[in-house]
Structure formats: structure tokens, C-alpha cells
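Let me begin by presenting the structure, written as C-alpha cells, before commenting on it.
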Amino acid sequence: MILADEAATLALGADLASIVRPGDVITLSGDLGAGKTTLARGLLAALGLAGEAPSPTFAIIQTYAPPETRLPVAHVDLYRIEDPGEAEELGLDDLCADHLLLVEWPERLGPELWQDALRLRIETVEEGGRRLTADVPPSWEARWSPR
Ligand SMILES: Nc1ncnc2c1ncn2[C@@H]1O[C@H](COP(=O)(O)OP(=O)(O)OP(=O)(O)O)[C@@H](O)[C@H]1O
Ligand SMILES: [Mg+2]
């Protein structure tokens, strides 16, 4: 699907808010500036977060808990992670037990993690908007398909 402008990316994030549950993993792939954090912001806002979610680029992990958001969320940006061993120390698998995990730059962990993740990819298109493609595992099929 095409996301014509920033508002469309935020709206897609907001749509996801109605179907996510603790234990879900959504990975967000795309180049620098593609719109990964924007999508996460739309989702977090629709989960009740007041104010704009910061980019976790420097913190690496930013967590949210009720009542700030409707469910516990860990927003993660692995851009600065240089090898998968470092990522292990972050304890993402533990967080995953009771948080919604939103992961920017999942490629930093290698290819094999989170078979059940909803994998979203955002690419820029010439007209200035973005194209979203999704890799939807069976566990998400009944819940979500990109329009
Ligand atoms: N659909 C869209 N069309 C045009 N611009 C968009 C769209 N979605 C988001 N943007 C813009 O893209 C810019 C970069 O967005 P964002 O910070 O979300 O990128 P990112 O993928 O998280 O980058 P990084 O890898 O650096 O974390 C923002 O200025 C945002 O407004
Ligand atoms: Mg980002």
C-alpha cells in the first residue's frame, strides 16, 4: 500500500493499535528516514500516549506501561547495535513476554529472529510518499492485512 504523507503513516500505526496484544512483535524495516518511528508514534498515540514518543535511537529501548499506554510497549531501535550478541544483552526476549515489541532496524539481530513477527517495510517512492509492504505470518493473518 502507498502512504501518501506523514499523516498516512501515523494513521496506519493507529490502525494497528486496535489489534495488538502483549507478546506481539512488529518489526519496522526501511532506510534512514523511511518513517519507522513515525509509524511507531502513530501506534503509541492511539494506545493512549500523550505527547510525541521520542525516537529510541540513542536510548535503544524506550518502554511504556499502563496507564500511559493501554498495554505495555517496548519501542526499540537497534540501529546502533553492531553485533547480535549485544542485542541479546538487551533482554528483548524477556520483554516480549508481556510487552508489545516495536523494533526498528531488526536486521541488526540477524535474519532468524521472531518467526511470528509482523514484518513491515517502508520504502520511499519517487512522488515523495512511502510504500509499505508486509510479511504477514499465519498468526497475524486473521488480524491484519494491508489494504
Ligand atoms: N508517508 C510518508 N510520506 C512522506 N514523508 C513521510 C511519510 N511517513 C513519514 N514521513 C517523514 O519521514 C521522516 C523520517 O521519519 P522517521 O523519523 O519516522 O524515520 P525512521 O525510519 O524512523 O528513521 P531512522 O532510521 O533514522 O530511525 C519524517 O520527517 C516524517 O515526517
Ligand atoms: Mg527511527
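Ligands are numbered from 1 in the order shown, residues from 1 within each chain, and chains are lettered A, B, ... in the order they appear in the C-alpha cells.
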Do you have, as a Markdown table, the list of residues of region 1-64 of chain A lying at most 6 Å from region 75-87 of chain A, each with its nearest atom pair and that distance in Å to one decimal, counting only C-alpha atoms and ordered by chain then number?
```
| residue | atom | partner | partner_atom | distance |
| --- | --- | --- | --- | --- |
| A:Pro56 | CA | A:Asp77 | CA | 5.5 |
| A:Thr57 | CA | A:Asp77 | CA | 5.3 |
| A:Ile60 | CA | A:Asp77 | CA | 5.0 |
| A:Ile61 | CA | A:Val76 | CA | 4.5 |
| A:Gln62 | CA | A:His75 | CA | 5.2 |
```
Inset, instruction - Find the residues around Glu127 (chain A) up to 12 Å (only C-alpha atoms counted), leave out those fewer than 6 positions away in its own chain, and share them as a list in words. - result: Ile2, Leu3, Ala4 and Asp5 of chain A
Would you mind exporting the chosen residues as a PDB file, in the first residue's frame, restricted to all heavy atoms?
```
ATOM      1  N   ILE A   2       0.283   2.331  -0.487  1.00  0.00           N
ATOM      2  CA  ILE A   2       1.009   3.596  -0.530  1.00  0.00           C
ATOM      3  C   ILE A   2       0.590   4.473   0.646  1.00  0.00           C
ATOM      4  O   ILE A   2      -0.598   4.584   0.955  1.00  0.00           O
ATOM      5  CB  ILE A   2       0.742   4.337  -1.869  1.00  0.00           C
ATOM      6  CG1 ILE A   2       1.324   3.538  -3.049  1.00  0.00           C
ATOM      7  CG2 ILE A   2       1.296   5.758  -1.845  1.00  0.00           C
ATOM      8  CD1 ILE A   2       2.851   3.483  -3.079  1.00  0.00           C
ATOM      9  N   LEU A   3       1.570   5.045   1.302  1.00  0.00           N
ATOM     10  CA  LEU A   3       1.328   6.009   2.376  1.00  0.00           C
ATOM     11  C   LEU A   3       1.717   7.367   1.794  1.00  0.00           C
ATOM     12  O   LEU A   3       2.890   7.662   1.644  1.00  0.00           O
ATOM     13  CB  LEU A   3       2.183   5.666   3.598  1.00  0.00           C
ATOM     14  CG  LEU A   3       1.992   4.239   4.159  1.00  0.00           C
ATOM     15  CD1 LEU A   3       3.092   3.910   5.182  1.00  0.00           C
ATOM     16  CD2 LEU A   3       0.611   4.088   4.780  1.00  0.00           C
ATOM     17  N   ALA A   4       0.727   8.156   1.460  1.00  0.00           N
ATOM     18  CA  ALA A   4       0.976   9.367   0.667  1.00  0.00           C
ATOM     19  C   ALA A   4       1.750  10.430   1.432  1.00  0.00           C
ATOM     20  O   ALA A   4       2.522  11.189   0.850  1.00  0.00           O
ATOM     21  CB  ALA A   4      -0.350   9.939   0.164  1.00  0.00           C
ATOM     22  N   ASP A   5       1.521  10.492   2.726  1.00  0.00           N
ATOM     23  CA  ASP A   5       2.193  11.535   3.513  1.00  0.00           C
ATOM     24  C   ASP A   5       2.351  11.063   4.960  1.00  0.00           C
ATOM     25  O   ASP A   5       1.921   9.952   5.313  1.00  0.00           O
ATOM     26  CB  ASP A   5       1.405  12.856   3.443  1.00  0.00           C
ATOM     27  CG  ASP A   5      -0.075  12.664   3.822  1.00  0.00           C
ATOM     28  OD1 ASP A   5      -0.400  11.644   4.477  1.00  0.00           O
ATOM     29  OD2 ASP A   5      -0.896  13.519   3.457  1.00  0.00           O
TER      30      ASP A   5
END
```
Inset, instruction - Identify, on the basis of only C-alpha atoms, every residue whose closest approach to region 140-145 of chain A does not exceed 12 Å; exclude the query and any residue fewer than 4 positions from it along the same chain; express the result as a PyMOL selection string. - result: chain A and resi 1+12+15-21+24-26+115-120+132-136
Legend entry - Minimum-distance residue to ligand 1, chosen among A:Ser139, A:Thr69, A:Thr124, A:Thr63 (using only C-alpha atoms and all ligand atoms): A:Thr124
Inset, instruction - Kindly provide, as a list of chain:residue names, all nucleotide and amino acid residues lying within 7 Å of ligand 1, counting only C-alpha atoms and all ligand atoms. - result: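 Result of the 7 Å neighbour search around ligand 1: A:Leu3, A:Ala4, A:Asp5, A:Glu6, A:Ala7, A:Ala8, A:Thr9, A:Gly30, A:Asp31, A:Leu32, A:Gly33, A:Ala34, A:Gly35, A:Lys36, A:Thr37, A:Thr38, A:Leu39, A:Ser55, A:Thr57, A:Glu104, A:Gly128, A:Gly129, A:Arg130.
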Could the residues in this selection be written to a file with N, CA, C and O atoms, as an mmCIF file, in the first residue's frame?
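selection12.cif, freshly written:
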```cif
data_model
loop_
_atom_site.group_PDB
_atom_site.id
_atom_site.type_symbol
_atom_site.label_atom_id
_atom_site.label_comp_id
_atom_site.auth_asym_id
_atom_site.auth_seq_id
_atom_site.Cartn_x
_atom_site.Cartn_y
_atom_site.Cartn_z
ATOM 1 N N LEU A 3 1.570 5.045 1.302
ATOM 2 C CA LEU A 3 1.328 6.009 2.376
ATOM 3 C C LEU A 3 1.717 7.367 1.794
ATOM 4 O O LEU A 3 2.890 7.662 1.644
ATOM 5 N N ALA A 4 0.727 8.156 1.460
ATOM 6 C CA ALA A 4 0.976 9.367 0.667
ATOM 7 C C ALA A 4 1.750 10.430 1.432
ATOM 8 O O ALA A 4 2.522 11.189 0.850
ATOM 9 N N ASP A 5 1.521 10.492 2.726
ATOM 10 C CA ASP A 5 2.193 11.535 3.513
ATOM 11 C C ASP A 5 2.351 11.063 4.960
ATOM 12 O O ASP A 5 1.921 9.952 5.313
ATOM 13 N N GLU A 6 2.961 11.917 5.767
ATOM 14 C CA GLU A 6 3.217 11.541 7.150
ATOM 15 C C GLU A 6 1.923 11.148 7.869
ATOM 16 O O GLU A 6 1.896 10.179 8.651
ATOM 17 N N ALA A 7 0.854 11.851 7.584
ATOM 18 C CA ALA A 7 -0.421 11.563 8.254
ATOM 19 C C ALA A 7 -0.872 10.128 7.956
ATOM 20 O O ALA A 7 -1.439 9.453 8.823
ATOM 21 N N ALA A 8 -0.598 9.664 6.741
ATOM 22 C CA ALA A 8 -0.996 8.302 6.376
ATOM 23 C C ALA A 8 -0.176 7.271 7.156
ATOM 24 O O ALA A 8 -0.686 6.221 7.551
ATOM 25 N N THR A 9 1.090 7.576 7.380
ATOM 26 C CA THR A 9 1.940 6.667 8.173
ATOM 27 C C THR A 9 1.448 6.622 9.619
ATOM 28 O O THR A 9 1.336 5.545 10.219
ATOM 29 N N GLY A 30 13.441 -0.416 6.879
ATOM 30 C CA GLY A 30 13.464 0.684 5.918
ATOM 31 C C GLY A 30 14.677 1.543 6.176
ATOM 32 O O GLY A 30 15.239 1.535 7.273
ATOM 33 N N ASP A 31 15.068 2.295 5.170
ATOM 34 C CA ASP A 31 16.268 3.126 5.267
ATOM 35 C C ASP A 31 16.108 4.220 6.325
ATOM 36 O O ASP A 31 15.017 4.468 6.810
ATOM 37 N N LEU A 32 17.207 4.885 6.604
ATOM 38 C CA LEU A 32 17.184 6.064 7.470
ATOM 39 C C LEU A 32 16.129 7.037 6.948
ATOM 40 O O LEU A 32 16.107 7.342 5.755
ATOM 41 N N GLY A 33 15.268 7.474 7.841
ATOM 42 C CA GLY A 33 14.264 8.461 7.436
ATOM 43 C C GLY A 33 13.083 7.899 6.671
ATOM 44 O O GLY A 33 12.277 8.653 6.125
ATOM 45 N N ALA A 34 12.942 6.591 6.650
ATOM 46 C CA ALA A 34 11.839 5.985 5.888
ATOM 47 C C ALA A 34 10.478 6.276 6.528
ATOM 48 O O ALA A 34 9.470 6.415 5.828
ATOM 49 N N GLY A 35 10.464 6.333 7.847
ATOM 50 C CA GLY A 35 9.182 6.575 8.527
ATOM 51 C C GLY A 35 8.851 5.544 9.591
ATOM 52 O O GLY A 35 7.706 5.448 10.044
ATOM 53 N N LYS A 36 9.854 4.779 10.026
ATOM 54 C CA LYS A 36 9.635 3.726 11.024
ATOM 55 C C LYS A 36 9.163 4.316 12.357
ATOM 56 O O LYS A 36 8.204 3.847 12.960
ATOM 57 N N THR A 37 9.874 5.340 12.813
ATOM 58 C CA THR A 37 9.497 5.966 14.087
ATOM 59 C C THR A 37 8.138 6.641 13.962
ATOM 60 O O THR A 37 7.333 6.623 14.906
ATOM 61 N N THR A 38 7.866 7.203 12.797
ATOM 62 C CA THR A 38 6.566 7.846 12.576
ATOM 63 C C THR A 38 5.438 6.840 12.774
ATOM 64 O O THR A 38 4.445 7.125 13.454
ATOM 65 N N LEU A 39 5.597 5.659 12.188
ATOM 66 C CA LEU A 39 4.571 4.618 12.340
ATOM 67 C C LEU A 39 4.420 4.231 13.818
ATOM 68 O O LEU A 39 3.305 4.114 14.345
ATOM 69 N N SER A 55 12.232 9.287 19.591
ATOM 70 C CA SER A 55 12.889 8.212 18.846
ATOM 71 C C SER A 55 13.836 7.496 19.798
ATOM 72 O O SER A 55 14.593 8.129 20.528
ATOM 73 N N THR A 57 16.502 6.030 19.187
ATOM 74 C CA THR A 57 17.797 5.825 18.544
ATOM 75 C C THR A 57 18.945 5.819 19.555
ATOM 76 O O THR A 57 19.833 4.974 19.488
ATOM 77 N N GLU A 104 12.678 -1.205 15.404
ATOM 78 C CA GLU A 104 13.295 -0.591 14.223
ATOM 79 C C GLU A 104 14.676 -1.216 14.016
ATOM 80 O O GLU A 104 15.347 -1.577 14.964
ATOM 81 N N GLY A 128 7.368 11.073 -3.429
ATOM 82 C CA GLY A 128 7.592 11.699 -2.129
ATOM 83 C C GLY A 128 6.945 10.957 -0.975
ATOM 84 O O GLY A 128 7.292 11.164 0.167
ATOM 85 N N GLY A 129 6.001 10.091 -1.246
ATOM 86 C CA GLY A 129 5.370 9.315 -0.182
ATOM 87 C C GLY A 129 6.170 8.073 0.129
ATOM 88 O O GLY A 129 7.386 8.008 -0.086
ATOM 89 N N ARG A 130 5.490 7.083 0.668
ATOM 90 C CA ARG A 130 6.148 5.829 1.047
ATOM 91 C C ARG A 130 5.321 4.642 0.566
ATOM 92 O O ARG A 130 4.103 4.723 0.464
#
```
Inset, instruction - Based on DSSP run over this structure's backbone, return all residues of region 78-136 of chain A in strand (DSSP E or B), as a list in words. - result: Leu100, Leu101, Leu102, Val103, Glu104, Leu118, Arg119, Leu120, Arg121, Ile122, Glu123, Thr124, Arg130, Arg131, Leu132, Thr133, Ala134 and Asp135 of chain A
Inset, instruction - Identify all residues of chain A in helix (DSSP H, G or I) (DSSP on the backbone) and supply them as number ranges by chain. - result: A: 6-17, 36-46, 84-88, 92-98, 106-109, 138-141
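Comparing A:Ala14, A:Leu71, A:Ala45, A:Ala59 by their smallest distance to Leu100 (chain A), the closest is A:Leu71 (using only C-alpha atoms).
In this comparison, which uses only C-alpha atoms, the residue of A:Leu10, A:Leu90, A:Leu47, A:Asp98 approaching Pro22 (chain A) most closely is A:Asp98.
Comparing the minimum interatomic distances between Tyr64 (chain A) and each of A:Gly48, A:Gly110, A:Gly23, A:Pro137, counting only C-alpha atoms, we find that A:Gly48 sits nearest.
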